$ cat my_file.txt   # compact mmCIF, C-alpha atoms and all ligand atoms
# COMPACT_ATOMS: atom_id res chain seq x y z
CA MET O 437 10.55 -22.26 -34.00
CA SER O 438 9.55 -19.91 -31.21
CA ASP O 439 10.50 -16.24 -31.42
CA ILE O 440 11.84 -16.46 -27.86
CA LEU O 441 14.53 -19.10 -27.45
CA VAL O 442 15.25 -20.35 -23.94
CA HIS O 443 18.44 -22.24 -23.20
CA THR O 444 19.56 -23.17 -19.71
CA GLU O 445 23.09 -24.32 -19.02
CA ALA O 446 25.49 -24.11 -16.09
CA GLY O 447 23.04 -22.14 -13.92
CA VAL O 448 22.40 -19.52 -16.63
CA SER O 449 19.05 -19.26 -18.40
CA THR O 450 19.52 -17.39 -21.68
CA LEU O 451 16.48 -15.80 -23.32
CA THR O 452 17.14 -14.89 -26.95
CA ILE O 453 14.79 -12.60 -28.85
CA HIS O 454 14.76 -14.22 -32.27
CA ARG O 455 12.43 -12.73 -34.85
CA PRO O 456 14.95 -11.48 -37.40
CA ASP O 457 12.49 -10.83 -40.25
CA ARG O 458 10.64 -8.26 -38.06
CA LYS O 459 13.79 -6.86 -36.45
CA ASN O 460 13.11 -8.70 -33.20
CA SER O 461 9.99 -6.62 -32.56
CA ILE O 462 8.03 -8.17 -29.73
CA THR O 463 4.45 -9.44 -29.98
CA SER O 464 2.02 -10.20 -27.14
CA ALA O 465 2.82 -13.88 -27.55
CA MET O 466 6.54 -13.12 -27.16
CA TYR O 467 5.94 -11.07 -23.99
CA GLY O 468 3.94 -14.05 -22.75
CA ALA O 469 6.87 -16.38 -23.47
CA LEU O 470 9.33 -14.02 -21.78
CA HIS O 471 7.06 -13.80 -18.73
CA VAL O 472 6.73 -17.59 -18.52
CA ALA O 473 10.51 -17.96 -18.86
CA LEU O 474 11.16 -15.47 -16.04
CA VAL O 475 8.63 -17.12 -13.73
CA ALA O 476 10.22 -20.51 -14.46
CA ALA O 477 13.75 -19.13 -13.91
CA GLN O 478 12.71 -17.63 -10.58
CA ALA O 479 11.19 -20.91 -9.41
CA ASP O 480 13.97 -23.17 -10.66
CA ALA O 481 16.67 -23.43 -7.98
CA SER O 482 19.19 -24.58 -10.57
CA VAL O 483 18.86 -21.24 -12.43
CA ARG O 484 21.01 -18.59 -10.78
CA VAL O 485 21.25 -15.91 -13.48
CA VAL O 486 19.20 -14.85 -16.51
CA VAL O 487 20.69 -13.43 -19.71
CA ILE O 488 18.55 -11.51 -22.23
CA GLN O 489 20.04 -11.05 -25.69
CA GLY O 490 19.25 -10.44 -29.33
CA SER O 491 21.56 -10.97 -32.29
CA GLU O 492 24.75 -9.17 -33.37
CA THR O 493 22.76 -6.77 -35.56
CA ILE O 494 19.51 -6.17 -33.67
CA PHE O 495 18.43 -6.29 -30.04
CA SER O 496 14.79 -5.34 -30.56
CA ALA O 497 12.73 -2.91 -32.66
CA GLY O 498 10.39 -2.61 -29.66
CA ASN O 499 6.77 -3.51 -29.56
CA ASP O 500 5.38 -5.04 -32.75
CA ILE O 501 3.46 -2.16 -34.29
CA GLY O 502 0.86 -4.41 -35.90
CA ASP O 503 0.16 -5.78 -32.44
CA PHE O 504 -0.24 -2.26 -31.09
CA LEU O 505 -2.91 -1.74 -33.75
CA ASN O 506 -4.68 -5.09 -33.51
CA THR O 507 -4.26 -6.25 -29.92
CA PRO O 508 -3.24 -3.26 -27.78
CA PRO O 509 -2.44 -4.21 -24.20
CA ALA O 510 -5.66 -4.07 -22.18
CA GLY O 511 -4.99 -3.48 -18.51
CA PRO O 512 -2.32 -4.63 -16.06
CA ASP O 513 -2.74 -8.31 -16.96
CA ALA O 514 -1.62 -7.73 -20.55
CA PRO O 515 1.43 -9.88 -21.35
CA VAL O 516 3.70 -6.83 -21.79
CA PHE O 517 2.93 -5.56 -18.29
CA LYS O 518 3.24 -9.04 -16.77
CA PHE O 519 6.68 -9.36 -18.39
CA LEU O 520 7.79 -5.91 -17.18
CA HIS O 521 6.50 -6.56 -13.67
CA ALA O 522 8.29 -9.92 -13.51
CA LEU O 523 11.53 -8.38 -14.79
CA ALA O 524 11.39 -5.40 -12.40
CA ALA O 525 10.74 -7.69 -9.43
CA PHE O 526 13.10 -10.47 -10.55
CA PRO O 527 15.22 -11.42 -7.53
CA LYS O 528 18.18 -13.09 -9.26
CA PRO O 529 20.74 -11.25 -11.43
CA VAL O 530 19.78 -10.37 -15.00
CA VAL O 531 22.48 -9.64 -17.60
CA ALA O 532 21.66 -8.13 -21.01
CA ALA O 533 23.66 -8.11 -24.23
CA VAL O 534 22.59 -5.41 -26.69
CA CYS O 535 23.75 -4.95 -30.28
CA GLY O 536 22.15 -2.82 -32.99
CA PRO O 537 18.87 -0.96 -32.45
CA ALA O 538 17.18 -1.22 -29.07
CA VAL O 539 13.93 0.68 -29.60
CA GLY O 540 11.24 1.47 -27.03
CA ILE O 541 10.92 -1.44 -24.66
CA GLY O 542 14.20 -2.72 -26.17
CA THR O 543 15.80 0.12 -24.20
CA THR O 544 13.42 0.49 -21.25
CA MET O 545 13.68 -3.19 -20.23
CA LEU O 546 17.42 -2.57 -19.70
CA PHE O 547 16.69 -0.27 -16.74
CA HIS O 548 15.53 -3.44 -14.95
CA CYS O 549 18.62 -5.51 -15.80
CA ASP O 550 21.63 -5.60 -13.49
CA LEU O 551 24.47 -5.67 -16.02
CA VAL O 552 24.29 -4.48 -19.63
CA TYR O 553 26.97 -5.20 -22.25
CA ALA O 554 26.69 -3.45 -25.58
CA GLY O 555 28.10 -3.94 -29.02
CA ASP O 556 29.60 -0.75 -30.44
CA ASN O 557 26.74 -0.76 -32.98
CA ALA O 558 24.09 -0.48 -30.25
CA ALA O 559 21.59 2.36 -30.74
CA PHE O 560 19.18 3.03 -27.89
CA SER O 561 15.96 4.97 -28.41
CA MET O 562 12.70 5.67 -26.64
CA PRO O 563 10.56 7.25 -29.37
CA PHE O 564 7.27 7.09 -27.44
CA VAL O 565 6.36 10.73 -28.15
CA ASN O 566 7.01 10.23 -31.87
CA LEU O 567 4.40 7.47 -31.74
CA GLY O 568 1.85 9.58 -29.86
CA LEU O 569 2.49 7.54 -26.70
CA CYS O 570 4.17 8.08 -23.35
CA PRO O 571 7.00 6.19 -21.62
CA GLU O 572 6.50 2.75 -20.09
CA ALA O 573 8.42 0.34 -17.85
CA ALA O 574 8.85 3.12 -15.25
CA SER O 575 11.25 4.80 -17.68
CA SER O 576 9.79 8.25 -16.95
CA LEU O 577 11.01 7.68 -13.38
CA LEU O 578 14.23 5.77 -14.02
CA VAL O 579 15.65 7.62 -17.04
CA PRO O 580 15.78 11.01 -15.23
CA GLN O 581 17.22 9.25 -12.15
CA MET O 582 19.99 7.69 -14.22
CA MET O 583 20.79 10.41 -16.76
CA GLY O 584 19.71 13.59 -15.01
CA TYR O 585 16.65 15.53 -16.09
CA HIS O 586 17.95 17.35 -19.16
CA ARG O 587 19.52 14.35 -20.83
CA ALA O 588 16.38 12.38 -20.00
CA ALA O 589 14.25 15.09 -21.58
CA GLU O 590 16.31 14.82 -24.77
CA ALA O 591 15.94 11.05 -24.84
CA LEU O 592 12.24 10.96 -23.96
CA LEU O 593 10.88 14.14 -25.58
CA LEU O 594 12.90 14.09 -28.81
CA GLY O 595 13.12 10.30 -28.87
CA GLU O 596 16.39 10.45 -30.79
CA PRO O 597 18.74 7.45 -30.66
CA PHE O 598 21.88 7.59 -28.55
CA MET O 599 24.79 5.30 -29.26
CA ALA O 600 26.69 2.79 -27.14
CA GLU O 601 29.38 5.24 -25.99
CA ALA O 602 26.74 7.72 -24.76
CA ALA O 603 24.94 4.89 -22.98
CA LEU O 604 28.24 3.96 -21.34
CA GLU O 605 28.75 7.54 -20.21
CA VAL O 606 25.33 7.82 -18.53
CA GLY O 607 25.73 4.43 -16.86
CA LEU O 608 23.10 2.46 -18.80
CA VAL O 609 25.81 0.16 -20.15
CA ASN O 610 28.71 -1.50 -18.31
CA ARG O 611 31.05 -2.06 -21.23
CA VAL O 612 31.14 -1.59 -25.01
CA VAL O 613 32.72 -4.31 -27.15
CA PRO O 614 32.69 -5.38 -30.81
CA PRO O 615 29.22 -6.77 -31.65
CA SER O 616 30.62 -10.25 -32.21
CA GLU O 617 31.76 -10.30 -28.56
CA ALA O 618 28.72 -8.90 -26.71
CA ASN O 619 26.69 -12.09 -26.25
CA GLY O 620 29.83 -14.02 -25.29
CA LEU O 621 30.82 -11.39 -22.73
CA ALA O 622 27.33 -11.39 -21.20
CA GLN O 623 27.49 -15.19 -21.00
CA ALA O 624 30.95 -15.12 -19.36
CA GLN O 625 29.84 -12.53 -16.79
CA ALA O 626 26.65 -14.50 -16.11
CA ARG O 627 28.71 -17.63 -15.47
CA LYS O 628 30.89 -15.70 -13.02
CA LEU O 629 27.73 -14.63 -11.21
CA ALA O 630 26.35 -18.17 -11.33
CA ALA O 631 29.41 -19.40 -9.42
CA LYS O 632 28.72 -17.00 -6.52
CA PRO O 633 26.41 -17.70 -3.56
CA LEU O 634 22.88 -17.02 -4.81
CA SER O 635 21.58 -15.89 -1.41
CA SER O 636 24.24 -13.14 -1.29
CA LEU O 637 23.51 -12.07 -4.86
CA MET O 638 19.79 -11.84 -4.19
CA GLN O 639 20.24 -9.99 -0.90
CA THR O 640 22.71 -7.57 -2.51
CA LYS O 641 20.34 -6.89 -5.40
CA ARG O 642 17.48 -6.30 -2.96
CA LEU O 643 19.58 -3.93 -0.86
CA MET O 644 20.84 -2.00 -3.89
CA LYS O 645 17.28 -1.50 -5.12
CA MET O 646 16.22 -0.32 -1.67
CA GLY O 647 19.23 1.96 -1.35
CA GLN O 648 18.69 3.47 -4.79
CA GLN O 649 15.78 5.61 -3.89
CA ALA O 650 15.85 8.97 -2.27
CA GLN O 651 12.46 8.66 -0.63
CA ALA O 652 13.70 6.01 1.78
CA ARG O 653 16.61 8.22 2.79
CA LYS O 654 14.24 11.13 3.41
CA LEU O 655 12.00 8.91 5.49
CA ALA O 656 14.97 7.54 7.40
CA ALA O 657 15.84 11.05 8.56
CA LYS O 658 12.41 11.68 10.08
CA PRO O 659 11.79 11.25 13.81
CA LEU O 660 9.18 8.51 13.61
CA SER O 661 9.00 5.51 15.90
CA SER O 662 11.17 2.75 14.55
CA LEU O 663 8.25 0.42 13.97
CA VAL O 664 6.29 2.88 11.87
CA GLU O 665 9.52 3.97 10.20
CA THR O 666 10.50 0.42 9.27
CA LYS O 667 7.08 -0.30 7.88
CA ARG O 668 7.05 2.89 5.84
CA LEU O 669 10.55 2.31 4.58
CA MET O 670 9.65 -1.17 3.48
CA LYS O 671 6.58 0.11 1.66
CA ALA O 672 8.53 2.99 0.16
CA GLY O 673 11.28 0.72 -1.16
CA SER O 674 12.33 1.56 -4.69
CA GLN O 675 10.80 -1.59 -6.05
CA ALA O 676 7.37 -0.59 -4.73
CA GLU O 677 7.88 2.87 -6.20
CA VAL O 678 8.95 1.46 -9.55
CA LEU O 679 6.05 -0.98 -9.73
CA ALA O 680 3.52 1.71 -8.77
CA HIS O 681 5.01 4.08 -11.34
CA MET O 682 4.89 1.36 -13.96
CA ALA O 683 1.19 0.80 -13.26
CA THR O 684 0.44 4.53 -13.57
CA GLU O 685 2.37 4.75 -16.82
CA GLY O 686 0.61 1.63 -18.07
CA GLN O 687 -2.79 3.29 -17.67
CA SER O 688 -1.69 6.34 -19.67
CA PHE O 689 0.06 4.18 -22.25
CA GLY O 690 -3.06 2.01 -22.77
CA ARG O 691 -5.28 5.07 -23.20
CA MET O 692 -2.86 6.83 -25.56
CA LEU O 693 -2.56 3.74 -27.77
CA GLN O 694 -6.20 4.30 -28.78
CA GLU O 695 -5.88 8.04 -29.40
CA PRO O 696 -5.53 9.71 -32.83
CA ALA O 697 -1.79 10.52 -32.57
CA ALA O 698 -0.82 6.88 -32.01
CA ARG O 699 -3.25 5.65 -34.69
CA GLU O 700 -1.66 8.12 -37.15
CA ALA O 701 1.88 7.02 -36.16
CA PHE O 702 1.14 3.30 -36.53
CA GLY O 703 -0.81 3.85 -39.76
CA ALA O 704 2.15 5.80 -41.16
CA PHE O 705 4.59 3.03 -40.17
CA VAL O 706 2.46 0.36 -41.86
CA GLU O 707 1.99 2.53 -44.97
CA LYS O 708 5.73 3.46 -44.97
CA ARG O 709 5.09 7.23 -44.93
CA LYS O 710 5.89 10.10 -42.58
CA PRO O 711 3.23 10.64 -39.88
CA ASP O 712 1.29 13.92 -40.00
CA PHE O 713 0.55 15.23 -36.51
CA SER O 714 -0.23 18.77 -37.70
CA LYS O 715 -3.98 18.51 -37.03
CA LEU O 716 -3.67 16.68 -33.70
N1 LIG N 801 6.85 -3.75 -35.51
C1 LIG N 801 6.53 -4.45 -36.60
N2 LIG N 801 7.34 -4.59 -37.67
C2 LIG N 801 8.54 -4.00 -37.59
C3 LIG N 801 8.95 -3.24 -36.48
C4 LIG N 801 8.04 -3.12 -35.41
N3 LIG N 801 8.34 -2.45 -34.29
N4 LIG N 801 10.20 -2.77 -36.71
C5 LIG N 801 10.57 -3.20 -37.92
N5 LIG N 801 9.55 -3.95 -38.47
C6 LIG N 801 9.54 -4.58 -39.79
C7 LIG N 801 9.49 -3.51 -40.88
O1 LIG N 801 8.16 -3.10 -41.11
C8 LIG N 801 10.09 -4.25 -42.04
O2 LIG N 801 9.07 -5.07 -42.58
P1 LIG N 801 9.01 -5.30 -44.21
O3 LIG N 801 10.24 -6.11 -44.52
O4 LIG N 801 7.73 -6.05 -44.37
O5 LIG N 801 9.02 -3.94 -44.83
C9 LIG N 801 11.12 -5.18 -41.38
O6 LIG N 801 10.77 -5.27 -40.00
C10 LIG N 801 12.51 -4.61 -41.47
O7 LIG N 801 12.50 -3.30 -40.91
P2 LIG N 801 13.28 -2.07 -41.55
O8 LIG N 801 12.69 -0.81 -40.99
O9 LIG N 801 13.32 -2.20 -43.02
O10 LIG N 801 14.75 -2.31 -40.95
P3 LIG N 801 15.92 -1.26 -40.77
O11 LIG N 801 17.14 -2.07 -40.47
O12 LIG N 801 15.97 -0.27 -41.86
O13 LIG N 801 15.52 -0.44 -39.42
C11 LIG N 801 14.71 -0.21 -37.16
C12 LIG N 801 15.47 -1.10 -38.17
C13 LIG N 801 14.53 -1.00 -35.87
C14 LIG N 801 15.52 1.06 -36.88
C15 LIG N 801 13.36 0.20 -37.76
O14 LIG N 801 12.72 -0.98 -38.25
C16 LIG N 801 12.40 0.88 -36.83
O15 LIG N 801 12.58 2.03 -36.49
N6 LIG N 801 11.32 0.15 -36.43
C17 LIG N 801 10.24 0.71 -35.68
C18 LIG N 801 10.61 0.87 -34.24
C19 LIG N 801 9.47 1.38 -33.40
O16 LIG N 801 8.97 2.47 -33.60
N7 LIG N 801 9.06 0.56 -32.42
C20 LIG N 801 8.03 0.85 -31.48
C21 LIG N 801 8.65 1.37 -30.23
S1 LIG N 801 7.43 1.71 -28.97
$ encode --input "my_file.txt" --output "structure tokens"
Amino acid sequence: MSDILVHTEAGVSTLTIHRPDRKNSITSAMYGALHVALVAAQADASVRVVVIQGSETIFSAGNDIGDFLNTPPAGPDAPVFKFLHALAAFPKPVVAAVCGPAVGIGTTMLFHCDLVYAGDNAAFSMPFVNLGLCPEAASSLLVPQMMGYHRAAEALLLGEPFMAEAALEVGLVNRVVPPSEANGLAQAQARKLAAKPLSSLMQTKRLMKMGQQAQARKLAAKPLSSLVETKRLMKAGSQAEVLAHMATEGQSFGRMLQEPAAREAFGAFVEKRKPDFSKL
């Protein structure tokens, strides 16, 4: 059985991360499957909404650490970056259900979902620094935007987990429910969305993403001719900013994966010991 299960019913395509023995950590092959599923969902007119979920006890332990060691993502065409790009640019609504740990990309992918429902056991963390890495998925842009700089610094520099209620407070999560209800709630909300006019949903999502970013508002206030202004605004749309930021992060992330701090962190994980960064 595949580690990514895809089930489409009543206009909702549900992608389930299912690799319980490795805590739903995600391999290159799984990113590939997620990317293929998103491309198919975008192209299929009968799919109106995508749901991403894990199980009641684990959303995802993040990137598979063995994969980081053996097949680190090489360049923008690596499956992880193709998945993130497809998710960030996905035009139809995406709903996530998160229970248990959501580590690394298990948290950062949520910044690109439209609705997030969490079990009260959800624990979000972005421990990139602890692994000798840097943020990905445009999280170094989006986390400060969502949480404010100081809370973002705590999440990204210390890499400590924050629980469902804290995620609700900063706006990462829409609602917190018992873990046994999270996937069902996400499914029910997705079905509500699937009954709405898709063109309005897609246009609303596009407009919200455009409206999100401050740069466009700054540009809009400048006395430029409307043609130049429109063109610049379109190019400066938040999606373009997010995708460009993601590419910049991706370059740093790829380089840092090969550096001594990350090698020490991954080696320590595999050998089940504490990493020693004292000489790095
Ligand atoms: N990559 C590969 N294997 C992983 C993994 C990962 N990211 N996360 C967990 N596993 C494996 C463990 O090595 C363990 O394997 P074993 O049974 O052969 O010893 C198995 O999954 C169970 O993990 P365990 O740590 O015992 O589960 P837990 O319930 O105590 O803790 C987590 C769950 C998610 C908190 C913990 O596994 C964890 O912190 N994982 C690493 C997360 C991480 O740093 N990800 C990278 C982010 S960029």
$ atom_distance --input "my_file.txt" --atom1 "atom CA of O:Met582" --atom2 "atom CA of O:Gly607"
7.1 Å
$ closest_atom_pairs --input "my_file.txt" --of "chain O" --to "ligand LIG 801 (chain N)" --cutoff "7 Å" --atoms "only C-alpha atoms and all ligand atoms" --output "tab-separated table"
residue	atom	partner	partner_atom	distance
O:Asp457	CA	N:LIG801	O6	5.8
O:Arg458	CA	N:LIG801	O6	3.6
O:Lys459	CA	N:LIG801	O6	4.9
O:Ser461	CA	N:LIG801	N3	4.8
O:Ser496	CA	N:LIG801	C13	6.9
O:Ala497	CA	N:LIG801	C13	4.1
O:Gly498	CA	N:LIG801	C21	4.4
O:Asn499	CA	N:LIG801	C20	4.9
O:Asp500	CA	N:LIG801	N1	3.4
O:Ile501	CA	N:LIG801	N1	3.9
O:Gly502	CA	N:LIG801	C1	5.7
O:Pro537	CA	N:LIG801	C13	5.5
O:Val539	CA	N:LIG801	C21	5.4
O:Gly540	CA	N:LIG801	C21	4.1
O:Ile541	CA	N:LIG801	S1	6.4
O:Met562	CA	N:LIG801	C21	6.9
O:Pro563	CA	N:LIG801	C21	6.2
O:Phe564	CA	N:LIG801	S1	5.6
O:Val706	CA	N:LIG801	O1	6.7
$ closest_residue --input "my_file.txt" --among "O:Glu677, O:Glu596, O:Glu572, O:Glu617" --to "O:Ala525" --atoms "all atoms listed in the file"
O:Glu677
$ closest_residue --input "my_file.txt" --among "O:Leu505, O:Lys528, O:Met466, O:Ala624" --to "O:Ala479" --atoms "only C-alpha atoms"
O:Lys528
$ residues_around --input "my_file.txt" --residues "O:Ser688" --least-positions-apart "5" --cutoff "10 Å" --atoms "only C-alpha atoms" --output "PyMOL selection string"
chain O and resi 569-572+683+693
$ write_last_selection --input "my_file.txt" --atoms "C-alpha atoms" --output "PDB file, keeping the file's coordinate frame"
ATOM      1  CA  LEU O 569       2.490   7.540 -26.700  1.00  0.00           C
ATOM      2  CA  CYS O 570       4.170   8.080 -23.350  1.00  0.00           C
ATOM      3  CA  PRO O 571       7.000   6.190 -21.620  1.00  0.00           C
ATOM      4  CA  GLU O 572       6.500   2.750 -20.090  1.00  0.00           C
ATOM      5  CA  ALA O 683       1.190   0.800 -13.260  1.00  0.00           C
ATOM      6  CA  LEU O 693      -2.560   3.740 -27.770  1.00  0.00           C
TER       7      LEU O 693
END
$ atom_distance --input "my_file.txt" --atom1 "atom CA of O:Ser491" --atom2 "atom CA of O:Gly555"
10.1 Å
$ axis_aligned_box --input "my_file.txt" --around "stretch 503-518 of chain O" --padding-each-side "4 Å" --output "AutoDock Vina command-line options"
--center_x -1.0 --center_y -5.8 --center_z -24.9 --size_x 17.4 --size_y 16.1 --size_z 25.7
$ atom_distance --input "my_file.txt" --atom1 "atom CA of O:Val609" --atom2 "atom CA of O:Ala554"
6.6 Å
$ closest_residue --input "my_file.txt" --among "O:Val534, O:Leu520, O:Ile453, O:Val448" --to "O:Ala573" --atoms "only C-alpha atoms"
O:Leu520
$ closest_residue --input "my_file.txt" --among "O:Cys549, O:Ala574, O:Ala558, O:Ala538" --to "O:Gly686" --atoms "only C-alpha atoms"
O:Ala574
$ closest_residue --input "my_file.txt" --among "O:Phe517, O:Leu567, O:Leu523, O:Ala532" --to "O:Lys710" --atoms "only C-alpha atoms"
O:Leu567
$ closest_residue --input "my_file.txt" --among "O:Ala701, O:Ala630, O:Ala514, O:Val552" --to "O:Thr444" --atoms "only C-alpha atoms"
O:Ala630
$ residues_around --input "my_file.txt" --residues "O:Lys645" --least-positions-apart "3" --cutoff "7 Å" --atoms "all atoms listed in the file" --output "PyMOL selection string"
chain O and resi 641-642+648+674-675
$ residues_near_point --input "my_file.txt" --point "(24.0, -6.7, -34.9)" --cutoff "6 Å" --atoms "all atoms listed in the file" --output "short mmCIF file (atom, residue, chain, number, x, y, z; two decimals) with C-alpha atoms, keeping the file's coordinate frame"
data_model
loop_
_atom_site.label_atom_id
_atom_site.label_comp_id
_atom_site.auth_asym_id
_atom_site.auth_seq_id
_atom_site.Cartn_x
_atom_site.Cartn_y
_atom_site.Cartn_z
CA SER O 491 21.56 -10.97 -32.29
CA GLU O 492 24.75 -9.17 -33.37
CA THR O 493 22.76 -6.77 -35.56
CA ILE O 494 19.51 -6.17 -33.67
CA CYS O 535 23.75 -4.95 -30.28
CA GLY O 536 22.15 -2.82 -32.99
#
$ residues_around --input "my_file.txt" --residues "O:Phe713" --least-positions-apart "3" --cutoff "10 Å" --atoms "all atoms listed in the file" --output "MDAnalysis selection string"
chainID O and resid 566:568 696:698 700:701 710 716
$ residues_around --input "my_file.txt" --residues "O:Asp556" --least-positions-apart "6" --cutoff "10 Å" --atoms "all atoms listed in the file" --output "PyMOL selection string"
chain O and resi 534-536+599-601+611-618
